[in-house]
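Trainee: What follows is a single structure, and I will ask about it in a moment.
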There are 2 protein chains.
Amino acid sequence: MNGNNGSNYARLYGVGVGPGAPDLMTLRSVELLSRVDVIAIPRSNKYTKSVAWRIAEPNLPKVDGQERLILDFPMTKDPKVLAPAWDIAFSKIGRRIEAGQEVAFICEGDPLFYSTFNYLKNQAQTRWPGIEIEIIPAVSSFTAVPSVIQTTIADGQERVAVVPASYGLDEIPAILELFDTVLLMKVSSVMPQLVDVLRNCGVLENSVYVSKATMEHEKVVTDLTSIQNDKCDYFSMVVIKQHERSGVLEGAVRG
Amino acid sequence: MNGNNGSNYARLYGVGVGPGAPDLMTLRSVELLSRVDVIAIPRSNKYTKSVAWRIAEPNLPKVDGQERLILDFPMTKDPKVLAPAWDIAFSKIGRRIEAGQEVAFICEGDPLFYSTFNYLKNQAQTRWPGIEIEIIPAVSSFTAVPSVIQTTIADGQERVAVVPASYGLDEIPAILELFDTVLLMKVSSVMPQLVDVLRNCGVLENSVYVSKATMEHEKVVTDLTSIQNDKCDYFSMVVIKQHERSGVLEGAVRG
């Protein structure tokens, strides 16, 4: 299949499979993954199953002639390890694209929200000039985690901040001044310091830890001091919900 | 059907139907809406069809015995108009809940992200003590709008801010200092002032306007000055994407 863009490449898809529960995939993602030539499946190492594939597989009966291409993306921040590993993965995708095959790269959550797909997208036009890219948005942890704890993300005049905790501890006080809801990502490696920061800011009581939201071993912790020194899960988030900046009915109904 | 919580009420569901395209509904939302006793359908007035129902309807064949309960939620900020209208709507829902019926309240986007469901949730325990609530998260404009313009929401160390423009114009400069991606909601009524603020902050070139993302009349505008004085759509957003705060491969591959 060739794109209608003048290039000889078929289309490249970034497909979000949602936060964890297989039935939180969209109709579009299931339909698309049922008909593409190649499903590209990222995994972090050869000993564990791909998280994205574990979500998608229950919805995808085997299709004759469709390839399931497993790719290794090691979990490290060391560019000397990452760069060659990613080059191998992207080159494998490239051989399919150059052969005119449609490739759908699946992502846990959404393809544009802290996902490996962002790197593939950024390199795509250099590797395959003129290629058409299509992104299938998904339910991300941004809505899934609040749904588990039934916390309003934003309402009326409220503002939301999303901050990777591992890089932004120093600025949390300033961010709490400006925002009503703060979603802290990547908290697992900084819990000891983070709990201290939240206590100093006076928001420890308003903070909830959630890991593996909508997945099998989902965990919700409201007393963060009880896990301050634990090794926390990679798929975890802390939600801080402050005062409400008056929804439209504030004065009339609640006031 | 009664809940297993000791109350006599059946469960109340907040169900997100996604950003606009019917096939961006989740499998779970379609399955649930196919079997509840009552689908509560909010509309803004009696002359236009409910946006949420326009999204959901193509996926929901008529079910015998299921009620489609249309409710009026006027589009105004005046509490004198809103409070009585919402009381009528919530009371209609209440009559079904008190009769032991499961009610699913549908929402365009996600139920916890600038949605009327937040108010229903906040009043539920007062109106129906002990009621069980379940929230079905959805694809929201938070991921859908970036997917349309293929802009990374966040990556590596990046931070994201969600701000209702109609209430936060003065603080946009401070927010741009702290955040890499800024999603401005509710821009339609403040475009003239907003374009000036973005120009003064030097981010006009990095700003994109999107309305009706994933819907039939989707519109993307990259030159915001061209619409500065237009009447803009209610379902619109401005995405500001600044410099990237180094993804993990920054030094190795792009540097």
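We label chains A, B, ... in the order they appear in the structure tokens, count residues from 1 in each chain, and number ligands from 1 in the order shown.
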Could you give me, as CSV, a per-residue list for chain B showing, wherever an atom lies at most 6 Å from an atom of chain A, the closest pair of atoms and their distance in Å to one decimal, using only C-alpha atoms and sorting by chain then residue number from low to high?
Mentor:
```
residue,atom,partner,partner_atom,distance
B:Asp23,CA,A:Leu27,CA,5.0
B:Leu24,CA,A:Thr26,CA,5.2
B:Met25,CA,A:Thr26,CA,5.4
B:Thr26,CA,A:Thr26,CA,4.0
B:Leu27,CA,A:Asp23,CA,5.0
B:Arg28,CA,A:Asp23,CA,5.0
B:Lys77,CA,A:Val248,CA,5.8
B:Pro79,CA,A:Ala252,CA,5.4
B:Leu112,CA,A:Thr152,CA,4.8
B:Phe113,CA,A:Ala154,CA,5.1
B:Tyr114,CA,A:Asp155,CA,4.5
B:Ile135,CA,A:Ser147,CA,5.5
B:Pro137,CA,A:Ala144,CA,5.5
B:Ala138,CA,A:Val139,CA,5.3
B:Val139,CA,A:Val139,CA,4.4
B:Thr143,CA,A:Pro137,CA,5.8
B:Ala144,CA,A:Pro137,CA,5.5
B:Ser147,CA,A:Ile135,CA,5.5
B:Thr152,CA,A:Leu112,CA,4.8
B:Ile153,CA,A:Phe113,CA,5.3
B:Ala154,CA,A:Phe113,CA,5.1
B:Asp155,CA,A:Tyr114,CA,4.5
B:Arg159,CA,A:Val163,CA,4.9
B:Val160,CA,A:Val162,CA,5.0
B:Ala161,CA,A:Ala161,CA,4.6
B:Val162,CA,A:Val160,CA,5.0
B:Val163,CA,A:Arg159,CA,4.9
B:Val248,CA,A:Lys77,CA,5.8
B:Leu249,CA,A:Pro79,CA,5.6
B:Ala252,CA,A:Pro79,CA,5.5
```
Trainee: Those selected residues, please, written with N, CA and C atoms and delivered as a PDB file, in the first residue's frame.
Mentor:
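Produced file selection_6.pdb, reproduced below:
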```pdb
ATOM      1  N   ASP B  23     -15.870   6.880  16.554  1.00  0.00           N
ATOM      2  CA  ASP B  23     -15.004   5.711  16.752  1.00  0.00           C
ATOM      3  C   ASP B  23     -13.861   5.975  17.731  1.00  0.00           C
ATOM      4  N   LEU B  24     -13.839   7.145  18.346  1.00  0.00           N
ATOM      5  CA  LEU B  24     -12.896   7.369  19.443  1.00  0.00           C
ATOM      6  C   LEU B  24     -13.542   7.095  20.804  1.00  0.00           C
ATOM      7  N   MET B  25     -14.755   6.542  20.786  1.00  0.00           N
ATOM      8  CA  MET B  25     -15.318   6.011  22.043  1.00  0.00           C
ATOM      9  C   MET B  25     -14.560   4.746  22.425  1.00  0.00           C
ATOM     10  N   THR B  26     -14.530   4.446  23.711  1.00  0.00           N
ATOM     11  CA  THR B  26     -13.873   3.207  24.147  1.00  0.00           C
ATOM     12  C   THR B  26     -14.842   2.022  24.053  1.00  0.00           C
ATOM     13  N   LEU B  27     -14.259   0.834  24.010  1.00  0.00           N
ATOM     14  CA  LEU B  27     -15.065  -0.386  24.035  1.00  0.00           C
ATOM     15  C   LEU B  27     -15.940  -0.405  25.294  1.00  0.00           C
ATOM     16  N   ARG B  28     -15.355   0.014  26.423  1.00  0.00           N
ATOM     17  CA  ARG B  28     -16.095  -0.044  27.688  1.00  0.00           C
ATOM     18  C   ARG B  28     -17.320   0.868  27.669  1.00  0.00           C
ATOM     19  N   LYS B  77     -23.343  31.533  32.423  1.00  0.00           N
ATOM     20  CA  LYS B  77     -22.628  31.534  33.701  1.00  0.00           C
ATOM     21  C   LYS B  77     -23.502  32.106  34.816  1.00  0.00           C
ATOM     22  N   PRO B  79     -25.781  32.091  37.690  1.00  0.00           N
ATOM     23  CA  PRO B  79     -26.270  31.083  38.636  1.00  0.00           C
ATOM     24  C   PRO B  79     -27.781  31.128  38.813  1.00  0.00           C
ATOM     25  N   LEU B 112     -14.464  14.067  33.917  1.00  0.00           N
ATOM     26  CA  LEU B 112     -13.845  14.842  34.997  1.00  0.00           C
ATOM     27  C   LEU B 112     -13.081  16.070  34.497  1.00  0.00           C
ATOM     28  N   PHE B 113     -13.122  16.315  33.189  1.00  0.00           N
ATOM     29  CA  PHE B 113     -12.319  17.382  32.588  1.00  0.00           C
ATOM     30  C   PHE B 113     -13.274  18.432  32.010  1.00  0.00           C
ATOM     31  N   TYR B 114     -13.543  19.485  32.795  1.00  0.00           N
ATOM     32  CA  TYR B 114     -14.458  20.564  32.412  1.00  0.00           C
ATOM     33  C   TYR B 114     -15.801  20.013  31.934  1.00  0.00           C
ATOM     34  N   ILE B 135     -16.829   5.963  37.145  1.00  0.00           N
ATOM     35  CA  ILE B 135     -16.478   6.902  36.080  1.00  0.00           C
ATOM     36  C   ILE B 135     -15.737   6.153  34.975  1.00  0.00           C
ATOM     37  N   PRO B 137     -13.402   6.671  32.049  1.00  0.00           N
ATOM     38  CA  PRO B 137     -12.567   7.720  31.459  1.00  0.00           C
ATOM     39  C   PRO B 137     -12.596   7.635  29.932  1.00  0.00           C
ATOM     40  N   ALA B 138     -12.203   8.733  29.301  1.00  0.00           N
ATOM     41  CA  ALA B 138     -12.327   8.807  27.845  1.00  0.00           C
ATOM     42  C   ALA B 138     -11.149   9.554  27.248  1.00  0.00           C
ATOM     43  N   VAL B 139     -11.042   9.462  25.939  1.00  0.00           N
ATOM     44  CA  VAL B 139     -10.132  10.335  25.206  1.00  0.00           C
ATOM     45  C   VAL B 139     -10.667  11.755  25.374  1.00  0.00           C
ATOM     46  N   THR B 143      -5.591  14.923  24.704  1.00  0.00           N
ATOM     47  CA  THR B 143      -4.797  14.124  23.759  1.00  0.00           C
ATOM     48  C   THR B 143      -5.311  14.270  22.324  1.00  0.00           C
ATOM     49  N   ALA B 144      -6.606  14.538  22.150  1.00  0.00           N
ATOM     50  CA  ALA B 144      -7.170  14.565  20.792  1.00  0.00           C
ATOM     51  C   ALA B 144      -6.669  15.757  19.983  1.00  0.00           C
ATOM     52  N   SER B 147      -3.145  15.297  18.786  1.00  0.00           N
ATOM     53  CA  SER B 147      -3.060  14.256  17.749  1.00  0.00           C
ATOM     54  C   SER B 147      -3.401  14.816  16.371  1.00  0.00           C
ATOM     55  N   THR B 152       3.826  16.811  19.948  1.00  0.00           N
ATOM     56  CA  THR B 152       4.126  16.121  21.194  1.00  0.00           C
ATOM     57  C   THR B 152       3.515  16.885  22.365  1.00  0.00           C
ATOM     58  N   ILE B 153       2.756  16.185  23.203  1.00  0.00           N
ATOM     59  CA  ILE B 153       2.210  16.845  24.399  1.00  0.00           C
ATOM     60  C   ILE B 153       3.335  17.015  25.412  1.00  0.00           C
ATOM     61  N   ALA B 154       4.039  15.916  25.722  1.00  0.00           N
ATOM     62  CA  ALA B 154       5.155  15.989  26.663  1.00  0.00           C
ATOM     63  C   ALA B 154       6.058  14.801  26.436  1.00  0.00           C
ATOM     64  N   ASP B 155       7.315  15.016  26.742  1.00  0.00           N
ATOM     65  CA  ASP B 155       8.329  14.036  26.461  1.00  0.00           C
ATOM     66  C   ASP B 155       9.503  14.286  27.402  1.00  0.00           C
ATOM     67  N   ARG B 159       6.995  19.623  30.758  1.00  0.00           N
ATOM     68  CA  ARG B 159       5.814  19.871  31.585  1.00  0.00           C
ATOM     69  C   ARG B 159       4.680  20.448  30.748  1.00  0.00           C
ATOM     70  N   VAL B 160       3.454  20.167  31.197  1.00  0.00           N
ATOM     71  CA  VAL B 160       2.266  20.616  30.474  1.00  0.00           C
ATOM     72  C   VAL B 160       1.361  21.411  31.405  1.00  0.00           C
ATOM     73  N   ALA B 161       0.823  22.513  30.895  1.00  0.00           N
ATOM     74  CA  ALA B 161      -0.165  23.288  31.654  1.00  0.00           C
ATOM     75  C   ALA B 161      -1.470  23.355  30.871  1.00  0.00           C
ATOM     76  N   VAL B 162      -2.576  23.196  31.586  1.00  0.00           N
ATOM     77  CA  VAL B 162      -3.907  23.363  30.990  1.00  0.00           C
ATOM     78  C   VAL B 162      -4.560  24.550  31.685  1.00  0.00           C
ATOM     79  N   VAL B 163      -4.912  25.556  30.902  1.00  0.00           N
ATOM     80  CA  VAL B 163      -5.385  26.816  31.478  1.00  0.00           C
ATOM     81  C   VAL B 163      -6.620  27.301  30.712  1.00  0.00           C
ATOM     82  N   VAL B 248      15.244  11.949  26.335  1.00  0.00           N
ATOM     83  CA  VAL B 248      16.399  11.171  26.773  1.00  0.00           C
ATOM     84  C   VAL B 248      17.482  11.034  25.716  1.00  0.00           C
ATOM     85  N   LEU B 249      17.091  11.081  24.434  1.00  0.00           N
ATOM     86  CA  LEU B 249      18.086  10.881  23.379  1.00  0.00           C
ATOM     87  C   LEU B 249      18.688  12.196  22.881  1.00  0.00           C
ATOM     88  N   ALA B 252      22.488  12.446  22.395  1.00  0.00           N
ATOM     89  CA  ALA B 252      23.101  11.410  21.565  1.00  0.00           C
ATOM     90  C   ALA B 252      22.688  11.484  20.100  1.00  0.00           C
TER      91      ALA B 252
END
```
Trainee: Hey, what does DSSP flag as helix (DSSP H, G or I) within segment 1-223 of chain A? Can you give it to me as a PDB file with C-alpha atoms, in the first residue's frame?
Mentor:
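Below you can see selection.pdb, which holds the result:
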```pdb
ATOM      1  CA  PRO A  22      -8.077  -3.677  27.438  1.00  0.00           C
ATOM      2  CA  ASP A  23     -11.643  -2.361  27.158  1.00  0.00           C
ATOM      3  CA  LEU A  24     -10.410   1.210  27.467  1.00  0.00           C
ATOM      4  CA  LEU A  27     -13.039   1.434  18.574  1.00  0.00           C
ATOM      5  CA  ARG A  28     -10.700   3.133  16.082  1.00  0.00           C
ATOM      6  CA  SER A  29      -7.530   1.613  17.520  1.00  0.00           C
ATOM      7  CA  VAL A  30      -8.998  -1.900  17.477  1.00  0.00           C
ATOM      8  CA  GLU A  31     -10.272  -1.501  13.913  1.00  0.00           C
ATOM      9  CA  LEU A  32      -6.953  -0.115  12.694  1.00  0.00           C
ATOM     10  CA  LEU A  33      -4.779  -2.721  14.402  1.00  0.00           C
ATOM     11  CA  VAL A  51       2.912  -3.593  28.363  1.00  0.00           C
ATOM     12  CA  ALA A  52       1.209  -2.130  25.297  1.00  0.00           C
ATOM     13  CA  TRP A  53       0.757  -5.573  23.765  1.00  0.00           C
ATOM     14  CA  ARG A  54      -0.643  -7.006  26.991  1.00  0.00           C
ATOM     15  CA  ILE A  55      -3.352  -4.310  26.761  1.00  0.00           C
ATOM     16  CA  ALA A  56      -4.084  -4.736  23.060  1.00  0.00           C
ATOM     17  CA  GLU A  57      -3.809  -8.490  22.561  1.00  0.00           C
ATOM     18  CA  PRO A  58      -7.180  -9.515  24.112  1.00  0.00           C
ATOM     19  CA  ASN A  59      -8.916  -7.368  21.473  1.00  0.00           C
ATOM     20  CA  PRO A  79      22.235   7.659  25.452  1.00  0.00           C
ATOM     21  CA  LYS A  80      25.156   5.300  24.709  1.00  0.00           C
ATOM     22  CA  VAL A  81      22.802   2.376  25.261  1.00  0.00           C
ATOM     23  CA  LEU A  82      19.645   3.974  23.908  1.00  0.00           C
ATOM     24  CA  ALA A  83      20.851   5.463  20.649  1.00  0.00           C
ATOM     25  CA  PRO A  84      22.080   2.211  19.056  1.00  0.00           C
ATOM     26  CA  ALA A  85      19.108   0.203  20.392  1.00  0.00           C
ATOM     27  CA  TRP A  86      16.625   2.696  18.994  1.00  0.00           C
ATOM     28  CA  ASP A  87      18.473   2.847  15.694  1.00  0.00           C
ATOM     29  CA  ILE A  88      18.083  -0.924  15.366  1.00  0.00           C
ATOM     30  CA  ALA A  89      14.357  -0.708  16.186  1.00  0.00           C
ATOM     31  CA  PHE A  90      13.669   2.188  13.818  1.00  0.00           C
ATOM     32  CA  SER A  91      15.662   0.456  11.045  1.00  0.00           C
ATOM     33  CA  LYS A  92      13.501  -2.651  11.406  1.00  0.00           C
ATOM     34  CA  ILE A  93      10.418  -0.469  11.053  1.00  0.00           C
ATOM     35  CA  GLY A  94      12.071   1.230   8.085  1.00  0.00           C
ATOM     36  CA  ARG A  95      12.533  -2.023   6.166  1.00  0.00           C
ATOM     37  CA  ARG A  96       8.748  -2.594   6.342  1.00  0.00           C
ATOM     38  CA  ILE A  97       7.939   0.999   5.415  1.00  0.00           C
ATOM     39  CA  GLU A  98      10.332   0.891   2.455  1.00  0.00           C
ATOM     40  CA  PHE A 117       6.514   7.209  19.618  1.00  0.00           C
ATOM     41  CA  ASN A 118       7.535  10.865  19.966  1.00  0.00           C
ATOM     42  CA  TYR A 119      11.106   9.914  18.985  1.00  0.00           C
ATOM     43  CA  LEU A 120       9.945   7.828  16.041  1.00  0.00           C
ATOM     44  CA  LYS A 121       7.751  10.738  14.864  1.00  0.00           C
ATOM     45  CA  ASN A 122      10.654  13.178  15.188  1.00  0.00           C
ATOM     46  CA  GLN A 123      12.963  10.981  13.104  1.00  0.00           C
ATOM     47  CA  ALA A 124      10.393   9.836  10.543  1.00  0.00           C
ATOM     48  CA  GLN A 125      10.700  12.676   8.003  1.00  0.00           C
ATOM     49  CA  THR A 126      14.486  12.362   7.998  1.00  0.00           C
ATOM     50  CA  ARG A 127      14.440   8.600   7.583  1.00  0.00           C
ATOM     51  CA  SER A 141      -3.200   8.428  32.525  1.00  0.00           C
ATOM     52  CA  PHE A 142      -4.229  12.105  32.520  1.00  0.00           C
ATOM     53  CA  THR A 143      -7.898  11.054  32.601  1.00  0.00           C
ATOM     54  CA  ALA A 144      -7.569   7.425  33.759  1.00  0.00           C
ATOM     55  CA  VAL A 145      -5.867   8.080  37.105  1.00  0.00           C
ATOM     56  CA  PRO A 146      -8.408  10.733  38.219  1.00  0.00           C
ATOM     57  CA  SER A 147     -11.261   8.396  37.180  1.00  0.00           C
ATOM     58  CA  VAL A 148      -9.946   5.735  39.577  1.00  0.00           C
ATOM     59  CA  ILE A 149      -9.930   8.106  42.553  1.00  0.00           C
ATOM     60  CA  ALA A 165       8.488  14.770  39.507  1.00  0.00           C
ATOM     61  CA  SER A 166      11.957  13.435  38.883  1.00  0.00           C
ATOM     62  CA  TYR A 167      12.932  16.707  37.185  1.00  0.00           C
ATOM     63  CA  GLY A 168      10.790  19.329  38.885  1.00  0.00           C
ATOM     64  CA  LEU A 169      10.904  18.955  42.696  1.00  0.00           C
ATOM     65  CA  ASP A 170      12.325  22.442  43.232  1.00  0.00           C
ATOM     66  CA  GLU A 171       9.557  24.123  41.288  1.00  0.00           C
ATOM     67  CA  ILE A 172       6.612  22.324  42.870  1.00  0.00           C
ATOM     68  CA  PRO A 173       5.948  25.152  45.375  1.00  0.00           C
ATOM     69  CA  ALA A 174       5.706  27.734  42.567  1.00  0.00           C
ATOM     70  CA  ILE A 175       3.498  25.425  40.514  1.00  0.00           C
ATOM     71  CA  LEU A 176       1.155  24.840  43.459  1.00  0.00           C
ATOM     72  CA  GLU A 177       0.646  28.617  43.686  1.00  0.00           C
ATOM     73  CA  LEU A 178      -0.640  28.772  40.120  1.00  0.00           C
ATOM     74  CA  SER A 188       8.777   6.205  41.654  1.00  0.00           C
ATOM     75  CA  SER A 189      12.420   7.236  41.968  1.00  0.00           C
ATOM     76  CA  VAL A 190      11.869  10.369  44.072  1.00  0.00           C
ATOM     77  CA  MET A 191       9.215   9.396  46.637  1.00  0.00           C
ATOM     78  CA  PRO A 192      11.379  10.108  49.735  1.00  0.00           C
ATOM     79  CA  GLN A 193      12.113  13.699  48.649  1.00  0.00           C
ATOM     80  CA  LEU A 194       8.671  14.232  47.112  1.00  0.00           C
ATOM     81  CA  VAL A 195       6.789  13.409  50.314  1.00  0.00           C
ATOM     82  CA  ASP A 196       8.949  15.950  52.163  1.00  0.00           C
ATOM     83  CA  VAL A 197       8.237  18.622  49.543  1.00  0.00           C
ATOM     84  CA  LEU A 198       4.481  17.974  49.673  1.00  0.00           C
ATOM     85  CA  ARG A 199       4.508  18.122  53.483  1.00  0.00           C
ATOM     86  CA  ASN A 200       6.415  21.422  53.428  1.00  0.00           C
ATOM     87  CA  LEU A 204       0.197  16.088  51.812  1.00  0.00           C
ATOM     88  CA  GLU A 205      -3.451  15.606  52.858  1.00  0.00           C
ATOM     89  CA  ASN A 206      -4.596  16.549  49.352  1.00  0.00           C
TER      90      ASN A 206
END
```
Trainee: So that I can check the secondary structure, give me every residue of segment 137-252 of chain A assigned strand (DSSP E) by backbone DSSP, as a list in words.
Mentor: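 Those residues are Val160, Ala161, Val162, Val163, Pro164, Thr181, Val182, Leu183, Leu184, Met185, Ser207, Val208, Tyr209, Val210, Ser211, Lys219, Val220, Val221, Ser236, Met237, Val238, Val239, Ile240 and Lys241 of chain A.
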Trainee: Write out the residues from the selection above, keeping N, CA and C atoms, as a CSV table (one decimal), in the first residue's frame.
Mentor:
```csv
chain,number,residue,atom,x,y,z
A,160,VAL,N,-4.7,23.0,35.4
A,160,VAL,CA,-4.0,21.7,35.7
A,160,VAL,C,-2.6,21.7,35.2
A,161,ALA,N,-1.7,21.2,36.0
A,161,ALA,CA,-0.3,21.1,35.6
A,161,ALA,C,0.1,19.6,35.6
A,162,VAL,N,0.9,19.2,34.6
A,162,VAL,CA,1.5,17.9,34.5
A,162,VAL,C,3.0,18.1,34.6
A,163,VAL,N,3.6,17.4,35.6
A,163,VAL,CA,5.0,17.7,35.9
A,163,VAL,C,5.7,16.3,36.2
A,164,PRO,N,6.8,16.0,35.5
A,164,PRO,CA,7.6,14.8,35.8
A,164,PRO,C,8.3,15.1,37.1
A,181,THR,N,-5.0,21.7,40.2
A,181,THR,CA,-4.7,20.2,40.2
A,181,THR,C,-3.3,20.0,39.6
A,182,VAL,N,-2.5,19.2,40.3
A,182,VAL,CA,-1.2,18.9,39.8
A,182,VAL,C,-1.0,17.4,39.7
A,183,LEU,N,-0.7,17.0,38.5
A,183,LEU,CA,-0.4,15.5,38.3
A,183,LEU,C,1.1,15.3,38.2
A,184,LEU,N,1.6,14.6,39.1
A,184,LEU,CA,3.1,14.4,39.2
A,184,LEU,C,3.4,13.0,38.6
A,185,MET,N,4.1,13.0,37.5
A,185,MET,CA,4.4,11.8,36.8
A,185,MET,C,5.8,11.3,37.3
A,207,SER,N,-3.0,14.8,48.6
A,207,SER,CA,-2.3,14.1,47.6
A,207,SER,C,-2.6,12.6,47.7
A,208,VAL,N,-2.7,12.0,46.5
A,208,VAL,CA,-3.1,10.6,46.4
A,208,VAL,C,-2.1,9.9,45.4
A,209,TYR,N,-1.6,8.8,45.8
A,209,TYR,CA,-0.7,8.0,45.0
A,209,TYR,C,-1.5,6.9,44.3
A,210,VAL,N,-1.3,6.8,43.0
A,210,VAL,CA,-2.0,5.7,42.2
A,210,VAL,C,-1.0,5.0,41.3
A,211,SER,N,-1.0,3.7,41.4
A,211,SER,CA,-0.1,3.0,40.4
A,211,SER,C,-1.0,2.0,39.7
A,219,LYS,N,-3.3,0.2,42.5
A,219,LYS,CA,-3.1,0.5,43.9
A,219,LYS,C,-3.3,2.0,44.2
A,220,VAL,N,-4.1,2.3,45.2
A,220,VAL,CA,-4.4,3.6,45.6
A,220,VAL,C,-3.9,3.8,47.0
A,221,VAL,N,-3.1,4.9,47.3
A,221,VAL,CA,-2.6,5.1,48.6
A,221,VAL,C,-2.9,6.6,49.0
A,236,SER,N,3.3,4.9,37.9
A,236,SER,CA,2.6,5.5,39.1
A,236,SER,C,2.5,7.0,39.0
A,237,MET,N,1.6,7.6,39.7
A,237,MET,CA,1.4,9.1,39.6
A,237,MET,C,0.9,9.6,41.0
A,238,VAL,N,1.2,10.8,41.3
A,238,VAL,CA,0.6,11.4,42.5
A,238,VAL,C,-0.2,12.6,42.0
A,239,VAL,N,-1.5,12.6,42.5
A,239,VAL,CA,-2.4,13.6,42.1
A,239,VAL,C,-2.6,14.5,43.3
A,240,ILE,N,-2.4,15.8,43.1
A,240,ILE,CA,-2.6,16.8,44.2
A,240,ILE,C,-3.8,17.7,43.7
A,241,LYS,N,-4.9,17.7,44.6
A,241,LYS,CA,-6.1,18.5,44.3
A,241,LYS,C,-6.2,19.5,45.4
```
Trainee: Which residues come within 8 Å of segment 62-64 of chain B, counting only C-alpha atoms, excluding same-chain residues fewer than 2 positions away, as a list in words?
Mentor: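 The contact residues come out as Ser34, Arg35, Leu60 and Gln66 of chain B.
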